[in-house]
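Visitor: Dropping the structure in here first, questions after.
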Amino acid sequence: MEEEIEKISGIKDVISGYIGGTTKNPSYQNYGRAGHIEAVLIPFDPSVISYAELLEIFWINIDPTDENGQFCDRGHEYSTAVFYLSTEQERLAEESKSLLEKSGILKESVKTPIIMAGEFYHAEDYHQNYYIKSKLKYFYYRFRCGRDQRLKELWGEKINEVKVFNKTSNFQKPDLEELKEILTPLQFEVTQNDSTEPPFRNIYWNNKREGIYVDVVSGEPLFSSIDKYKSGTGWPSFTRPIEGASLIQKEDNSWFSVRTELRSKKADSHLGHLFNDGPKPDGLRYCINSAALRFVAKNDLEKEGYHTYLNLFQN
């Protein structure tokens, strides 16, 4: 896992170690007998990569259908798990696992459990960056163990993609001149020049159809109709982003006040603002410009490549 994850932008480090057992300070000689499993601790920069994106990278680098080990390594100490550090991480991990199970990508059920993290113990120094220190041994072991062969069998061509579930994985933002050709003048002014469209005179403020709202520039999923509510402001308002979305929040000092601006991560589009006058329990109102959004109706999700979000609308 070190080799695959350390090369991802936003990853600060990947530390090998042991977790989940009953002994303190386990070693390579006794960690398995004490119930620990081999794991990696991954400090990351959330402004560059989100926890949801990190989960997707994790899934495509393991066999989540195997509960008794990984590849040629058998036994509990080699099994997979996601260890979470907060309730938010737990929620995102469960949602990511659910999306994977319902995506139809895998032919078998997902066996990887989601577990609250206990104490993590660093493995011995010779285990850290083993793929660099012992390159020939590492690659021989990796091939002999059948890792790459099994991953290709499981994921097919998706093994070469960082993102499994997000169709915008390879998105590259067009230059401004091209965007002027792609977008309407209002869409360009809102997304690129931080403008605000008129209230009550925009396409989605009163839209009641089921579906998701994506970034008009990149197609990145941002919000769901499930979380949309009537705020009375004249703009589309949501209580939270869609699961897996990672919005950028910035301080906005314009209009003689301090507000929290919302921008999309992939295209850096200006979306709107976040306020604290929304409904309970969280009291949040994501006030978004219609011009920054494109609506994808529930019945069009599959044909437009957003099939993994169909489960949001299943009774």
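FYI, nothing fancy with the structure tokens labels: chains A, B, ... in order, residues from 1 per chain, ligands from 1 as they appear.
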Write out as a compact mmCIF listing (two decimals) with C-alpha atoms, in the first residue's frame each polymer residue whose atoms come within 9 Å of Glu124 (chain A), counting only C-alpha atoms; drop sequence neighbours fewer than 2 positions from it.
Guide:
```txt
# COMPACT_ATOMS: atom_id res chain seq x y z
CA SER A 16 3.39 0.92 8.09
CA GLY A 17 2.25 -0.56 11.37
CA SER A 27 6.39 -6.58 17.00
CA TYR A 28 6.56 -8.45 13.70
CA HIS A 122 4.59 1.80 14.06
CA TYR A 126 13.02 -2.07 8.04
CA HIS A 127 9.31 -2.33 7.14
CA GLN A 128 9.01 1.38 6.33
```
Visitor: Write out as a list in words each polymer residue whose atoms come within 12 Å of region 177-181 of chain A, counting only C-alpha atoms; drop sequence neighbours fewer than 4 positions from it.
Guide: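 The neighbour list is Gln172, Lys173, Pro185, Leu186, Gln187, Phe188, Glu189, Val190, Thr191, Gln192, Asn193, Val216, Val217, Ser218, Ala267 and Ser269 of chain A.
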Visitor: Hey, can you check how far CA of Phe83 (chain A) sits from CA of Ile114 (chain A)?
Guide: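 Here the two named atoms are 6.1 Å from each other.
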Visitor: How close does each residue of region 91-198 of chain A get to region 32-52 of chain A, giving the shortest atom pair and distance in Å to one decimal for every residue with an atom at most 9 Å away, counting only C-alpha atoms, sorted by chain and residue number, as JSON lines?
Guide:
```
{"residue": "A:Leu92", "atom": "CA", "partner": "A:Ala52", "partner_atom": "CA", "distance": 6.4}
{"residue": "A:Ala93", "atom": "CA", "partner": "A:Ala52", "partner_atom": "CA", "distance": 7.4}
{"residue": "A:Ser96", "atom": "CA", "partner": "A:Ala52", "partner_atom": "CA", "distance": 7.1}
{"residue": "A:Phe120", "atom": "CA", "partner": "A:Leu41", "partner_atom": "CA", "distance": 7.7}
{"residue": "A:His122", "atom": "CA", "partner": "A:Leu41", "partner_atom": "CA", "distance": 8.7}
{"residue": "A:Ala123", "atom": "CA", "partner": "A:Glu38", "partner_atom": "CA", "distance": 8.8}
```
Visitor: Keeping C-alpha atoms for every residue in the selection just given, could you write it to a file as a PDB file, in the first residue's frame?
Guide:
```
ATOM      1  CA  LEU A  92     -18.055   8.614   4.668  1.00  0.00           C
ATOM      2  CA  ALA A  93     -16.514   5.135   4.901  1.00  0.00           C
ATOM      3  CA  SER A  96     -18.233   4.684   0.152  1.00  0.00           C
ATOM      4  CA  PHE A 120      -1.743   2.419  15.964  1.00  0.00           C
ATOM      5  CA  HIS A 122       4.586   1.797  14.055  1.00  0.00           C
ATOM      6  CA  ALA A 123       6.192  -1.224  12.472  1.00  0.00           C
TER       7      ALA A 123
END
```
Visitor: Can you list, as a list in words, every protein, DNA or RNA residue that comes within 7 Å of Tyr84 (chain A) when you count only C-alpha atoms, leaving out same-chain residues fewer than 3 positions away?
Guide: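 Answer for this query is Gln89, Glu90, Ile115, Met116 and Ala117 of chain A.
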Visitor: I need the chosen residues saved as a short mmCIF file (atom, residue, chain, number, x, y, z; two decimals), in the first residue's frame, with N, CA and C atoms.
Guide:
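Dumped to part.cif:
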```
data_model
loop_
_atom_site.label_atom_id
_atom_site.label_comp_id
_atom_site.auth_asym_id
_atom_site.auth_seq_id
_atom_site.Cartn_x
_atom_site.Cartn_y
_atom_site.Cartn_z
N GLN A 89 -15.71 10.49 9.46
CA GLN A 89 -14.99 9.48 8.69
C GLN A 89 -15.77 8.17 8.64
N GLU A 90 -16.40 7.82 9.73
CA GLU A 90 -17.22 6.60 9.74
C GLU A 90 -18.35 6.71 8.72
N ILE A 115 -14.21 -0.03 11.04
CA ILE A 115 -13.95 -0.23 12.47
C ILE A 115 -13.39 1.06 13.10
N MET A 116 -13.83 1.37 14.30
CA MET A 116 -13.26 2.51 15.01
C MET A 116 -11.79 2.21 15.34
N ALA A 117 -10.93 3.15 15.08
CA ALA A 117 -9.50 2.95 15.26
C ALA A 117 -9.12 2.92 16.74
#
```
Visitor: Return the single residue from A:Asp215, A:Glu4, A:Asp175, A:Asp13 that is closest to Ser290 (chain A), with distances computed using only C-alpha atoms.
Guide: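 The shortest atom-to-atom distance to Ser290 (chain A) comes from A:Asp215.
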Visitor: My list of candidates is A:Asp268, A:Ser246, A:Ser237, A:Glu220. Which is closest to Leu284 (chain A) when distances are computed with only C-alpha atoms?
Guide: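 Among the listed residues, A:Ser237 lies closest to Leu284 (chain A).
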Visitor: Just want the 8 Å neighbourhood of Leu151 (chain A), counted on only C-alpha atoms, with same-chain residues fewer than 6 positions away dropped. Output as a list in words.
Guide: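 Final neighbour list, sorted by chain and number: Ile60, Asn61, Ile62, Asp63 and Ile159 of chain A.
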Visitor: Would you mind exporting N, CA and C atoms of the selected residues as a PDB file, in the first residue's frame?
Guide:
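again.pdb was written with the following content:
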```pdb
ATOM      1  N   ILE A  60      -9.481   0.359  -4.746  1.00  0.00           N
ATOM      2  CA  ILE A  60      -8.958  -0.234  -5.977  1.00  0.00           C
ATOM      3  C   ILE A  60      -7.564  -0.824  -5.809  1.00  0.00           C
ATOM      4  N   ASN A  61      -7.008  -0.734  -4.596  1.00  0.00           N
ATOM      5  CA  ASN A  61      -5.697  -1.336  -4.342  1.00  0.00           C
ATOM      6  C   ASN A  61      -5.771  -2.549  -3.430  1.00  0.00           C
ATOM      7  N   ILE A  62      -6.993  -3.015  -3.143  1.00  0.00           N
ATOM      8  CA  ILE A  62      -7.175  -4.224  -2.339  1.00  0.00           C
ATOM      9  C   ILE A  62      -8.201  -5.128  -3.012  1.00  0.00           C
ATOM     10  N   ASP A  63      -8.354  -6.319  -2.475  1.00  0.00           N
ATOM     11  CA  ASP A  63      -9.440  -7.216  -2.857  1.00  0.00           C
ATOM     12  C   ASP A  63     -10.465  -7.176  -1.725  1.00  0.00           C
ATOM     13  N   ILE A 159      -8.366  -0.092 -12.825  1.00  0.00           N
ATOM     14  CA  ILE A 159      -7.174  -0.167 -11.991  1.00  0.00           C
ATOM     15  C   ILE A 159      -6.184   0.944 -12.355  1.00  0.00           C
TER      16      ILE A 159
END
```
Visitor: Nearest to Pro236 (chain A): which of A:Asn299, A:Ser264, A:Asn289, A:Ser254 is it, counting only C-alpha atoms?
Guide: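 Nearest to Pro236 (chain A): A:Asn289.
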Visitor: Name the residues in contact with region 204-208 of chain A at a cut-off of 12 Å, using only C-alpha atoms, excluding same-chain residues fewer than 6 positions from it; report them as an NGL selection string.
Guide: :A and (197-198 or 224-238 or 287-298)
Visitor: Please, could you write that set of residues out with C-alpha atoms as a PDB file, in the first residue's frame?
Guide:
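Full text of out_20.pdb as output:
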```pdb
ATOM      1  CA  GLU A 197     -27.537  35.711 -10.277  1.00  0.00           C
ATOM      2  CA  PRO A 198     -30.901  37.385  -9.454  1.00  0.00           C
ATOM      3  CA  SER A 224     -28.822  16.002  -4.290  1.00  0.00           C
ATOM      4  CA  SER A 225     -32.507  16.876  -4.532  1.00  0.00           C
ATOM      5  CA  ILE A 226     -32.933  14.889  -1.312  1.00  0.00           C
ATOM      6  CA  ASP A 227     -31.114  17.664   0.578  1.00  0.00           C
ATOM      7  CA  LYS A 228     -32.755  20.574  -1.273  1.00  0.00           C
ATOM      8  CA  TYR A 229     -35.309  22.636   0.647  1.00  0.00           C
ATOM      9  CA  LYS A 230     -37.426  25.772   0.237  1.00  0.00           C
ATOM     10  CA  SER A 231     -35.451  28.538   1.932  1.00  0.00           C
ATOM     11  CA  GLY A 232     -37.495  31.474   0.630  1.00  0.00           C
ATOM     12  CA  THR A 233     -34.348  33.207  -0.621  1.00  0.00           C
ATOM     13  CA  GLY A 234     -34.914  32.676  -4.334  1.00  0.00           C
ATOM     14  CA  TRP A 235     -31.805  30.556  -4.864  1.00  0.00           C
ATOM     15  CA  PRO A 236     -31.385  26.757  -4.719  1.00  0.00           C
ATOM     16  CA  SER A 237     -30.669  25.866  -1.088  1.00  0.00           C
ATOM     17  CA  PHE A 238     -29.349  22.619   0.337  1.00  0.00           C
ATOM     18  CA  CYS A 287     -27.028  28.861  -0.990  1.00  0.00           C
ATOM     19  CA  ILE A 288     -26.022  28.101  -4.589  1.00  0.00           C
ATOM     20  CA  ASN A 289     -26.344  29.903  -7.912  1.00  0.00           C
ATOM     21  CA  SER A 290     -28.359  27.959 -10.483  1.00  0.00           C
ATOM     22  CA  ALA A 291     -25.918  29.181 -13.128  1.00  0.00           C
ATOM     23  CA  ALA A 292     -23.130  27.174 -11.441  1.00  0.00           C
ATOM     24  CA  LEU A 293     -25.162  23.968 -11.637  1.00  0.00           C
ATOM     25  CA  ARG A 294     -26.463  21.440 -14.101  1.00  0.00           C
ATOM     26  CA  PHE A 295     -29.341  19.212 -13.044  1.00  0.00           C
ATOM     27  CA  VAL A 296     -29.245  15.497 -13.873  1.00  0.00           C
ATOM     28  CA  ALA A 297     -32.652  13.890 -13.395  1.00  0.00           C
ATOM     29  CA  LYS A 298     -32.944  10.561 -11.604  1.00  0.00           C
TER      30      LYS A 298
END
```
Visitor: Neighbouring residues of Ala245 (chain A) were defined as those with any atom within 8 Å, considering only C-alpha atoms; residues of the same chain fewer than 5 positions away were excluded. Please report them as a PyMOL selection string.
Guide: chain A and resi 52+221-223
Visitor: Those selected residues, please, written with N, CA and C atoms and delivered as a PDB file, in the first residue's frame.
Guide:
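This is the output file result.pdb:
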```pdb
ATOM      1  N   ALA A  52     -12.940  11.051   1.214  1.00  0.00           N
ATOM      2  CA  ALA A  52     -13.717  10.213   0.301  1.00  0.00           C
ATOM      3  C   ALA A  52     -12.867   9.756  -0.879  1.00  0.00           C
ATOM      4  N   PRO A 221     -20.256  15.888  -9.144  1.00  0.00           N
ATOM      5  CA  PRO A 221     -21.482  15.855  -8.333  1.00  0.00           C
ATOM      6  C   PRO A 221     -21.336  16.727  -7.092  1.00  0.00           C
ATOM      7  N   LEU A 222     -22.329  17.589  -6.847  1.00  0.00           N
ATOM      8  CA  LEU A 222     -22.250  18.545  -5.745  1.00  0.00           C
ATOM      9  C   LEU A 222     -23.384  18.402  -4.735  1.00  0.00           C
ATOM     10  N   PHE A 223     -24.627  18.297  -5.220  1.00  0.00           N
ATOM     11  CA  PHE A 223     -25.782  18.274  -4.328  1.00  0.00           C
ATOM     12  C   PHE A 223     -26.834  17.303  -4.849  1.00  0.00           C
TER      13      PHE A 223
END
```
Visitor: Do you have the CA of Thr196 (chain A)-CA of Val214 (chain A) distance handy?
Guide: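 One can read the CA of Thr196 (chain A) to CA of Val214 (chain A) distance as 17.7 Å.
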Visitor: Rounded to one decimal in Å, what is the spacing between CA of Glu3 (chain A) and CA of Thr80 (chain A)?
Guide: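 Between CA of Glu3 (chain A) and CA of Thr80 (chain A) the gap is 17.0 Å.
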Visitor: Fewer than 4 positions away in the same chain doesn't count, so skip those; otherwise give me all residues within 10 Å of region 102-106 of chain A, counting only C-alpha atoms, as number ranges by chain.
Guide: A: 63-65, 97-98, 110, 153-156, 158, 164-165, 307-311
Visitor: If you keep C-alpha atoms, can you produce a file of those selected residues as a PDB file, in the first residue's frame?
Guide:
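Output (part.pdb):
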```
ATOM      1  CA  ASP A  63      -9.440  -7.216  -2.857  1.00  0.00           C
ATOM      2  CA  PRO A  64     -12.451  -6.185  -0.735  1.00  0.00           C
ATOM      3  CA  THR A  65     -14.198  -9.498  -1.428  1.00  0.00           C
ATOM      4  CA  LYS A  97     -18.595   0.985   0.922  1.00  0.00           C
ATOM      5  CA  SER A  98     -22.318   1.121   0.133  1.00  0.00           C
ATOM      6  CA  VAL A 110     -17.655  -6.419   0.029  1.00  0.00           C
ATOM      7  CA  GLU A 153      -9.254  -9.272 -12.613  1.00  0.00           C
ATOM      8  CA  LEU A 154     -11.348  -7.384 -10.037  1.00  0.00           C
ATOM      9  CA  TRP A 155     -11.249  -3.865 -11.430  1.00  0.00           C
ATOM     10  CA  GLY A 156     -10.420  -4.236 -15.112  1.00  0.00           C
ATOM     11  CA  LYS A 158     -10.374   0.983 -13.673  1.00  0.00           C
ATOM     12  CA  VAL A 164     -13.530   4.691  -9.474  1.00  0.00           C
ATOM     13  CA  PHE A 165     -16.897   6.286  -8.880  1.00  0.00           C
ATOM     14  CA  HIS A 307     -25.303   5.374 -11.945  1.00  0.00           C
ATOM     15  CA  THR A 308     -23.692   5.025  -8.524  1.00  0.00           C
ATOM     16  CA  TYR A 309     -26.043   7.743  -7.228  1.00  0.00           C
ATOM     17  CA  LEU A 310     -29.194   5.829  -8.143  1.00  0.00           C
ATOM     18  CA  ASN A 311     -29.228   4.225  -4.683  1.00  0.00           C
TER      19      ASN A 311
END
```
